[in-house]
Structures are given as structure tokens and as C-alpha cells.
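Novice: Sharing upload.txt below, compact mmCIF, C-alpha atoms and all ligand atoms:
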# COMPACT_ATOMS: atom_id res chain seq x y z
CA MET A 1 9.06 2.32 15.62
CA ALA A 2 5.83 3.89 14.36
CA SER A 3 3.18 1.52 13.11
CA PHE A 4 1.85 1.72 9.57
CA LYS A 5 -1.48 2.77 11.08
CA ALA A 6 0.26 5.68 12.79
CA LEU A 7 1.68 6.79 9.42
CA LEU A 8 -1.75 6.48 7.80
CA GLY A 9 -3.53 8.57 10.39
CA GLU A 10 -7.10 9.12 9.23
CA GLN A 11 -6.33 8.08 5.64
CA VAL A 12 -7.98 4.78 4.75
CA LEU A 13 -7.06 4.79 1.07
CA LEU A 14 -3.59 3.53 0.16
CA PRO A 15 -3.11 4.82 -3.38
CA ILE A 16 -0.63 2.92 -5.52
CA ILE A 17 1.72 4.77 -7.86
CA GLN A 18 3.34 2.98 -10.78
CA ALA A 19 5.56 5.38 -12.69
CA ASP A 20 7.60 5.00 -15.88
CA THR A 21 9.62 8.14 -15.15
CA ALA A 22 10.44 10.14 -12.05
CA ALA A 23 8.54 13.13 -13.45
CA GLN A 24 5.47 10.98 -14.00
CA GLY A 25 5.68 9.78 -10.39
CA VAL A 26 5.82 13.39 -9.15
CA ALA A 27 2.82 14.33 -11.30
CA ILE A 28 0.77 11.41 -10.00
CA ALA A 29 1.71 12.14 -6.39
CA GLY A 30 0.89 15.82 -6.92
CA ALA A 31 -2.55 14.94 -8.23
CA MET A 32 -3.10 12.72 -5.20
CA GLN A 33 -1.91 15.40 -2.80
CA GLN A 34 -4.42 17.82 -4.31
CA ALA A 35 -7.08 15.41 -3.04
CA GLY A 36 -5.69 15.50 0.50
CA ILE A 37 -3.68 12.29 0.26
CA HIS A 38 -0.53 12.42 2.43
CA LEU A 39 0.69 8.81 2.11
CA VAL A 40 1.33 6.84 -1.08
CA GLU A 41 2.89 3.53 -2.11
CA VAL A 42 5.27 3.46 -5.08
CA VAL A 43 5.45 -0.04 -6.51
CA LEU A 44 8.96 -1.08 -7.49
CA ARG A 45 8.00 -2.55 -10.85
CA THR A 46 9.63 -0.21 -13.34
CA GLU A 47 13.22 0.91 -13.97
CA ALA A 48 12.26 4.39 -12.78
CA SER A 49 10.54 3.32 -9.53
CA ILE A 50 13.32 4.20 -7.12
CA ALA A 51 14.03 7.51 -8.86
CA ALA A 52 10.29 8.24 -8.80
CA MET A 53 10.10 7.53 -5.08
CA GLN A 54 13.04 9.86 -4.40
CA ALA A 55 11.65 12.58 -6.67
CA ILE A 56 8.25 12.45 -4.95
CA LYS A 57 9.91 12.80 -1.55
CA ALA A 58 11.94 15.77 -2.81
CA ALA A 59 8.93 17.47 -4.41
CA TYR A 60 6.57 16.83 -1.50
CA PRO A 61 8.62 16.65 1.69
CA ASN A 62 5.53 16.22 3.87
CA MET A 63 4.34 13.21 1.93
CA VAL A 64 4.87 9.74 3.40
CA VAL A 65 6.22 7.61 0.55
CA GLY A 66 6.54 3.85 0.86
CA ALA A 67 7.94 1.17 -1.40
CA GLY A 68 5.81 -1.75 -2.59
CA THR A 69 6.58 -5.00 -4.39
CA VAL A 70 9.54 -5.66 -2.10
CA THR A 71 10.30 -9.34 -2.57
CA ASN A 72 13.90 -9.86 -1.45
CA ALA A 73 16.70 -8.48 0.72
CA GLU A 74 18.40 -6.73 -2.17
CA ILE A 75 15.31 -4.73 -3.15
CA LEU A 76 14.65 -4.01 0.53
CA LYS A 77 18.15 -2.55 0.91
CA VAL A 78 17.75 -0.34 -2.15
CA ALA A 79 14.32 0.87 -1.02
CA ILE A 80 15.53 1.77 2.49
CA ALA A 81 18.63 3.50 1.11
CA ALA A 82 16.36 5.54 -1.17
CA GLY A 83 14.38 6.73 1.85
CA ALA A 84 11.25 4.56 1.77
CA ASP A 85 9.03 5.53 4.71
CA PHE A 86 7.43 2.09 4.85
CA ILE A 87 7.76 -1.26 3.10
CA ILE A 88 5.04 -3.44 1.58
CA THR A 89 5.52 -6.93 0.21
CA PRO A 90 3.18 -8.88 -2.07
CA ALA A 91 3.90 -12.21 -0.35
CA VAL A 92 5.88 -13.77 2.50
CA SER A 93 8.47 -16.47 3.02
CA PRO A 94 10.42 -17.35 6.18
CA ASN A 95 13.51 -15.89 4.53
CA LEU A 96 11.90 -12.60 3.52
CA LEU A 97 10.21 -12.19 6.92
CA SER A 98 13.56 -12.69 8.68
CA GLN A 99 15.07 -9.94 6.54
CA LEU A 100 12.13 -7.65 7.31
CA CYS A 101 12.50 -8.07 11.08
CA ASP A 102 15.45 -5.64 11.11
CA CYS A 103 13.74 -3.04 8.96
CA PRO A 104 13.99 0.52 10.39
CA VAL A 105 10.56 1.58 9.01
CA PRO A 106 7.08 0.01 9.32
CA VAL A 107 6.57 -3.13 7.25
CA VAL A 108 3.31 -4.52 5.91
CA PRO A 109 3.94 -8.10 4.72
CA GLY A 110 1.60 -9.50 2.10
CA VAL A 111 -0.39 -12.62 2.94
CA SER A 112 -2.91 -14.67 0.99
CA ASN A 113 -3.98 -17.40 3.45
CA SER A 114 -4.14 -18.28 7.15
CA ALA A 115 -0.74 -20.04 7.13
CA ASP A 116 0.85 -16.84 5.85
CA VAL A 117 -0.90 -14.87 8.59
CA LEU A 118 0.47 -17.19 11.28
CA LEU A 119 3.97 -17.07 9.78
CA ALA A 120 3.87 -13.25 9.76
CA ILE A 121 2.66 -13.16 13.39
CA GLU A 122 5.50 -15.52 14.36
CA HIS A 123 7.91 -12.93 12.94
CA GLY A 124 6.27 -10.11 14.89
CA PHE A 125 4.07 -8.55 12.21
CA THR A 126 0.41 -7.73 12.84
CA GLU A 127 -0.34 -5.16 10.12
CA LEU A 128 -0.68 -7.23 6.97
CA LYS A 129 -1.59 -6.73 3.34
CA LEU A 130 -4.08 -9.23 1.89
CA PHE A 131 -3.03 -9.81 -1.71
CA PRO A 132 -4.54 -10.36 -4.17
CA ALA A 133 -7.47 -9.47 -1.94
CA THR A 134 -10.45 -10.39 -4.08
CA LEU A 135 -8.86 -13.69 -5.18
CA SER A 136 -7.76 -14.59 -1.64
CA GLY A 137 -11.14 -14.68 0.03
CA GLY A 138 -11.90 -10.98 0.05
CA ALA A 139 -13.82 -9.42 2.92
CA ALA A 140 -15.08 -12.82 4.11
CA PHE A 141 -11.49 -13.96 4.65
CA ILE A 142 -10.62 -10.84 6.64
CA LYS A 143 -13.73 -11.29 8.76
CA ALA A 144 -12.85 -14.94 9.46
CA MET A 145 -9.28 -14.01 10.43
CA GLY A 146 -10.65 -11.53 12.98
CA ALA A 147 -12.05 -14.41 15.01
CA VAL A 148 -8.78 -16.34 15.28
CA PHE A 149 -6.14 -13.60 15.00
CA PRO A 150 -7.74 -10.58 16.71
CA GLN A 151 -4.38 -8.81 16.97
CA VAL A 152 -4.04 -8.57 13.17
CA SER A 153 -5.32 -5.79 10.94
CA PHE A 154 -5.36 -5.93 7.17
CA CYS A 155 -4.83 -3.67 4.21
CA PRO A 156 -6.42 -5.52 1.27
CA THR A 157 -5.14 -4.72 -2.24
CA GLY A 158 -5.56 -6.37 -5.60
CA GLY A 159 -8.95 -6.08 -7.23
CA ILE A 160 -10.24 -3.26 -5.00
CA SER A 161 -12.24 -0.44 -6.58
CA ASP A 162 -14.83 2.10 -5.60
CA LYS A 163 -17.42 -0.65 -6.17
CA ASN A 164 -16.19 -3.06 -3.48
CA LYS A 165 -14.00 -1.02 -1.12
CA ASP A 166 -16.77 -0.48 1.44
CA GLU A 167 -17.20 -4.24 1.96
CA PHE A 168 -13.68 -4.13 3.38
CA LEU A 169 -13.72 -0.78 5.14
CA THR A 170 -16.74 -1.68 7.24
CA LEU A 171 -14.71 -4.47 8.89
CA PRO A 172 -13.10 -3.45 12.20
CA ASN A 173 -9.87 -5.32 11.33
CA CYS A 174 -9.42 -3.56 7.98
CA LEU A 175 -6.88 -0.72 8.26
CA ALA A 176 -7.20 0.70 4.77
CA VAL A 177 -7.82 -0.40 1.21
CA GLY A 178 -5.06 -0.19 -1.36
CA GLY A 179 -5.14 -0.05 -5.10
CA SER A 180 -4.31 1.42 -8.44
CA TRP A 181 -7.91 2.20 -9.44
CA VAL A 182 -7.43 5.85 -8.50
CA ALA A 183 -4.48 6.20 -10.92
CA PRO A 184 -4.90 3.69 -13.77
CA SER A 185 -2.25 3.62 -16.49
CA ASP A 186 -4.49 5.14 -19.16
CA TRP A 187 -5.09 8.23 -17.03
CA VAL A 188 -1.35 8.49 -16.38
CA GLU A 189 -0.51 8.04 -20.08
CA SER A 190 -3.01 10.73 -21.07
CA ALA A 191 -1.78 13.04 -18.28
CA SER A 192 -5.32 13.13 -16.84
CA TRP A 193 -4.11 14.40 -13.48
CA ASP A 194 -7.49 15.97 -12.71
CA LYS A 195 -9.11 12.54 -12.97
CA ILE A 196 -6.65 11.13 -10.46
CA THR A 197 -7.35 14.00 -8.07
CA ALA A 198 -11.09 13.52 -8.46
CA ALA A 199 -10.90 9.75 -7.93
CA CYS A 200 -8.78 10.14 -4.80
CA ALA A 201 -11.02 12.91 -3.47
CA GLN A 202 -14.11 10.83 -4.15
CA ALA A 203 -12.58 7.76 -2.51
CA ASN A 204 -11.45 9.71 0.53
CA GLN A 205 -14.78 11.41 0.92
CA ALA A 206 -16.66 8.14 0.62
CA LEU A 207 -14.22 6.39 2.93
CA ALA A 208 -14.47 9.13 5.52
CA GLY A 209 -18.21 9.45 5.30
C1 LIG B 301 -0.63 -4.22 -5.52
O1 LIG B 301 0.53 -4.04 -5.80
O2 LIG B 301 -1.04 -4.23 -4.37
C2 LIG B 301 -1.60 -4.50 -6.62
O3 LIG B 301 -0.99 -4.48 -7.84
C3 LIG B 301 -2.75 -3.60 -6.60
O4 LIG B 301 -3.72 -4.23 -7.31
P1 LIG B 301 -4.77 -3.43 -8.21
O5 LIG B 301 -3.99 -2.94 -9.39
O6 LIG B 301 -5.83 -4.44 -8.53
O7 LIG B 301 -5.28 -2.26 -7.39
For the structure just supplied, provide its representation as C-alpha cells.
Ligand code: 3PG
Specialist:
Amino acid sequence: MASFKALLGEQVLLPIIQADTAAQGVAIAGAMQQAGIHLVEVVLRTEASIAAMQAIKAAYPNMVVGAGTVTNAEILKVAIAAGADFIITPAVSPNLLSQLCDCPVPVVPGVSNSADVLLAIEHGFTELKLFPATLSGGAAFIKAMGAVFPQVSFCPTGGISDKNKDEFLTLPNCLAVGGSWVAPSDWVESASWDKITAACAQANQALAG
């Protein structure tokens, strides 16, 4: 199975899409694609999330579209059936990690401390989300984990913005930074798609450069 890193390729921004309707999801993803983004995470937090994920995949067949906020086996099943290209969880438990072991697509379990990291490793996962990143030790935590768990790489999300993302991205064990700052709800509500494109383009340019 491909790793999450393989899906990401050169992209080091993991943009988060939260959509109230499928059409809104497609518009957000379209604005992100305009900025050269090829991989997005749709968080399963609204009634329309699954429909939005499917609509984005239909509208942009080359886009890699993952499901976030997967917290139990039932949601996992629905997300996989809907065609999620990868799975992200906000937290881990022995039960959830066991369910994730059989997942046919890359999985990025969410951890917030060193015990979580060890538990995830014990279940075979080494690409992990740190969430909520800034409240869970931030870049200093990721740096410290590098010394004891060199096989693990992190995708921090939660509290990341253009102001602090580089603290994370300069760490060798940071895969990518994730967040909603490139598509905040007020921009979505006001249909400010050009702002989303500009924020993603700016983030990508800064991340690449
Ligand atoms: C997530 O699902 O990873 C977080 O909600 C992202 O947090 P942010 O909104 O602070 O970027």
C-alpha cells in the first residue's frame, strides 16, 4: 500500500475542507486546485461531508481526497465506501487502531503524546498526525520524538497558520502541515474562492521555497 507521503508527493500543505454542502466542497477544492494543490482532507463533521467528498472526487478525478475526523469503525466504513483515498483520525485508542490495521488506503492516526506514538507504532503506523499540534507540545514535541522514535514522521494540525508553519516544516520528521487557515469558514460563507486560492498558493510557495 502507498504511504501517505507517497500520496503527498512534493506537497507539504494538507489543506482541510469543511463543507456544509457538496457544491461548497467542490468550490473549495476547485479554489485549492487553482493553487496547485492535488491532495485535500475533507473533515467528516457536517451532514454533507461524505457527499462533498464524493462530489470533489467526481469533479476533480485527479485530486487525492481523504477523509478526516474518523473516530470509529462505522465512520471508517462509510468513508472507505465513499472512496476516501486516505484516512486521518484526530486521536487513537487500541480499538480504533485495530480497526485501522485492515484499512485498504493509507492511514494517518492522530496522536497527542508519547504514549499515543508508541501505541500507534505497535499497530504498525509511522506516519502520524499531531493534534492539536500547538496545544500538544508543538514543534518542540516533534523534535523530541525524533530522538526516540526516528522511524516516525508527523503531520501537525490544529493551530497551524502561515505564522508558525515554518517552525514545523524545518524539522526533518515533519511530513507536512495541516490546517483550515487556508479556507476559513468566513471565506467559504462569503464565496471568497480567490482568497482561498491565494492563501494556498502563498502557503505552497513559502513551503516550497
Ligand atoms: C483538524 O481537523 O486537524 C483541525 O480541526 C485543524 O485545526 P485548525 O482548524 O486549527 O487548522
Novice: Mind pulling up the distance from atom CA of A:Pro172 to atom CA of A:Gly9?
Specialist: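 Calculated distance between atom CA of A:Gly9 and atom CA of A:Pro172 is 15.5 Å.
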Novice: Leaving out A:Val107 and any residue of its chain fewer than 6 positions from it, which residues lie within 6 Å of it when counting only C-alpha atoms, given as a ChimeraX atom specification?
Specialist: /A:86-88
Novice: Save out the residues we just selected, C-alpha atoms, as a short mmCIF file (atom, residue, chain, number, x, y, z; two decimals), keeping the file's coordinate frame.
Specialist:
data_model
loop_
_atom_site.label_atom_id
_atom_site.label_comp_id
_atom_site.auth_asym_id
_atom_site.auth_seq_id
_atom_site.Cartn_x
_atom_site.Cartn_y
_atom_site.Cartn_z
CA PHE A 86 7.43 2.09 4.85
CA ILE A 87 7.76 -1.26 3.10
CA ILE A 88 5.04 -3.44 1.58
#
Novice: Figure out the distance between atom CA of A:Asn164 and atom CA of A:Val64, please, to one decimal in Å.
Specialist: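 Separation of atom CA of A:Val64 and atom CA of A:Asn164: 25.6 Å.
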Novice: Could you build a table of the residues in chain A lying no more than 6 Å from ligand LIG 301 (chain B), giving for each the nearest pair of atoms and their separation in Å rounded to one decimal place, using all atoms listed in the file, ordered by chain and ascending residue number, as CSV?
Specialist:
residue,atom,partner,partner_atom,distance
A:Thr157,CA,B:LIG301,O2,4.6
A:Gly158,CA,B:LIG301,O4,3.3
A:Gly159,CA,B:LIG301,O6,3.8
A:Ile160,CA,B:LIG301,O7,5.6
A:Gly179,CA,B:LIG301,O7,3.2
A:Ser180,CA,B:LIG301,O7,3.9
A:Trp181,CA,B:LIG301,O7,5.6
Novice: Could you tell me how far atom CA of A:Asn95 sits from atom CA of A:Phe149, in Å to one decimal place?
Specialist: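 Distance between the two atoms: 22.4 Å.
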Novice: Name the closest residue to A:Ala133 among the candidates A:Pro61, A:Pro15, A:Pro90, A:Pro150; distances are taken between atoms, counting only C-alpha atoms.
Specialist: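 Of the candidates, the smallest distance to A:Ala133 is held by A:Pro90.
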Novice: Would you please work out which residue, of A:Gly146, A:Gly68, A:Gly124, A:Pro104, is nearest to A:Gly178 when using all atoms listed in the file?
Specialist: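 The answer is A:Gly68, which sits nearest to A:Gly178.
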Novice: Counting only C-alpha atoms, which of A:Thr71, A:Ser114, A:Ser153, A:Gln11 gets nearest to A:Gln99?
Specialist: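 Looking only at the distances to A:Gln99, the closest residue turns out to be A:Thr71.
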Novice: Let me make sure I understand: among A:Ala55, A:Ala2, A:Ala19, A:Val188, which one has the smallest atom-to-atom distance to A:Asp85 if we use all atoms listed in the file?
Specialist: A:Ala2
Novice: Tell me, as an MDAnalysis selection string, which residues lie within 6 Å of stretch 32-44 of chain A, counting all atoms listed in the file; anything in the same chain fewer than 3 positions away does not count.
Specialist: chainID A and resid 15:18 29 49 63:69 197 200:201
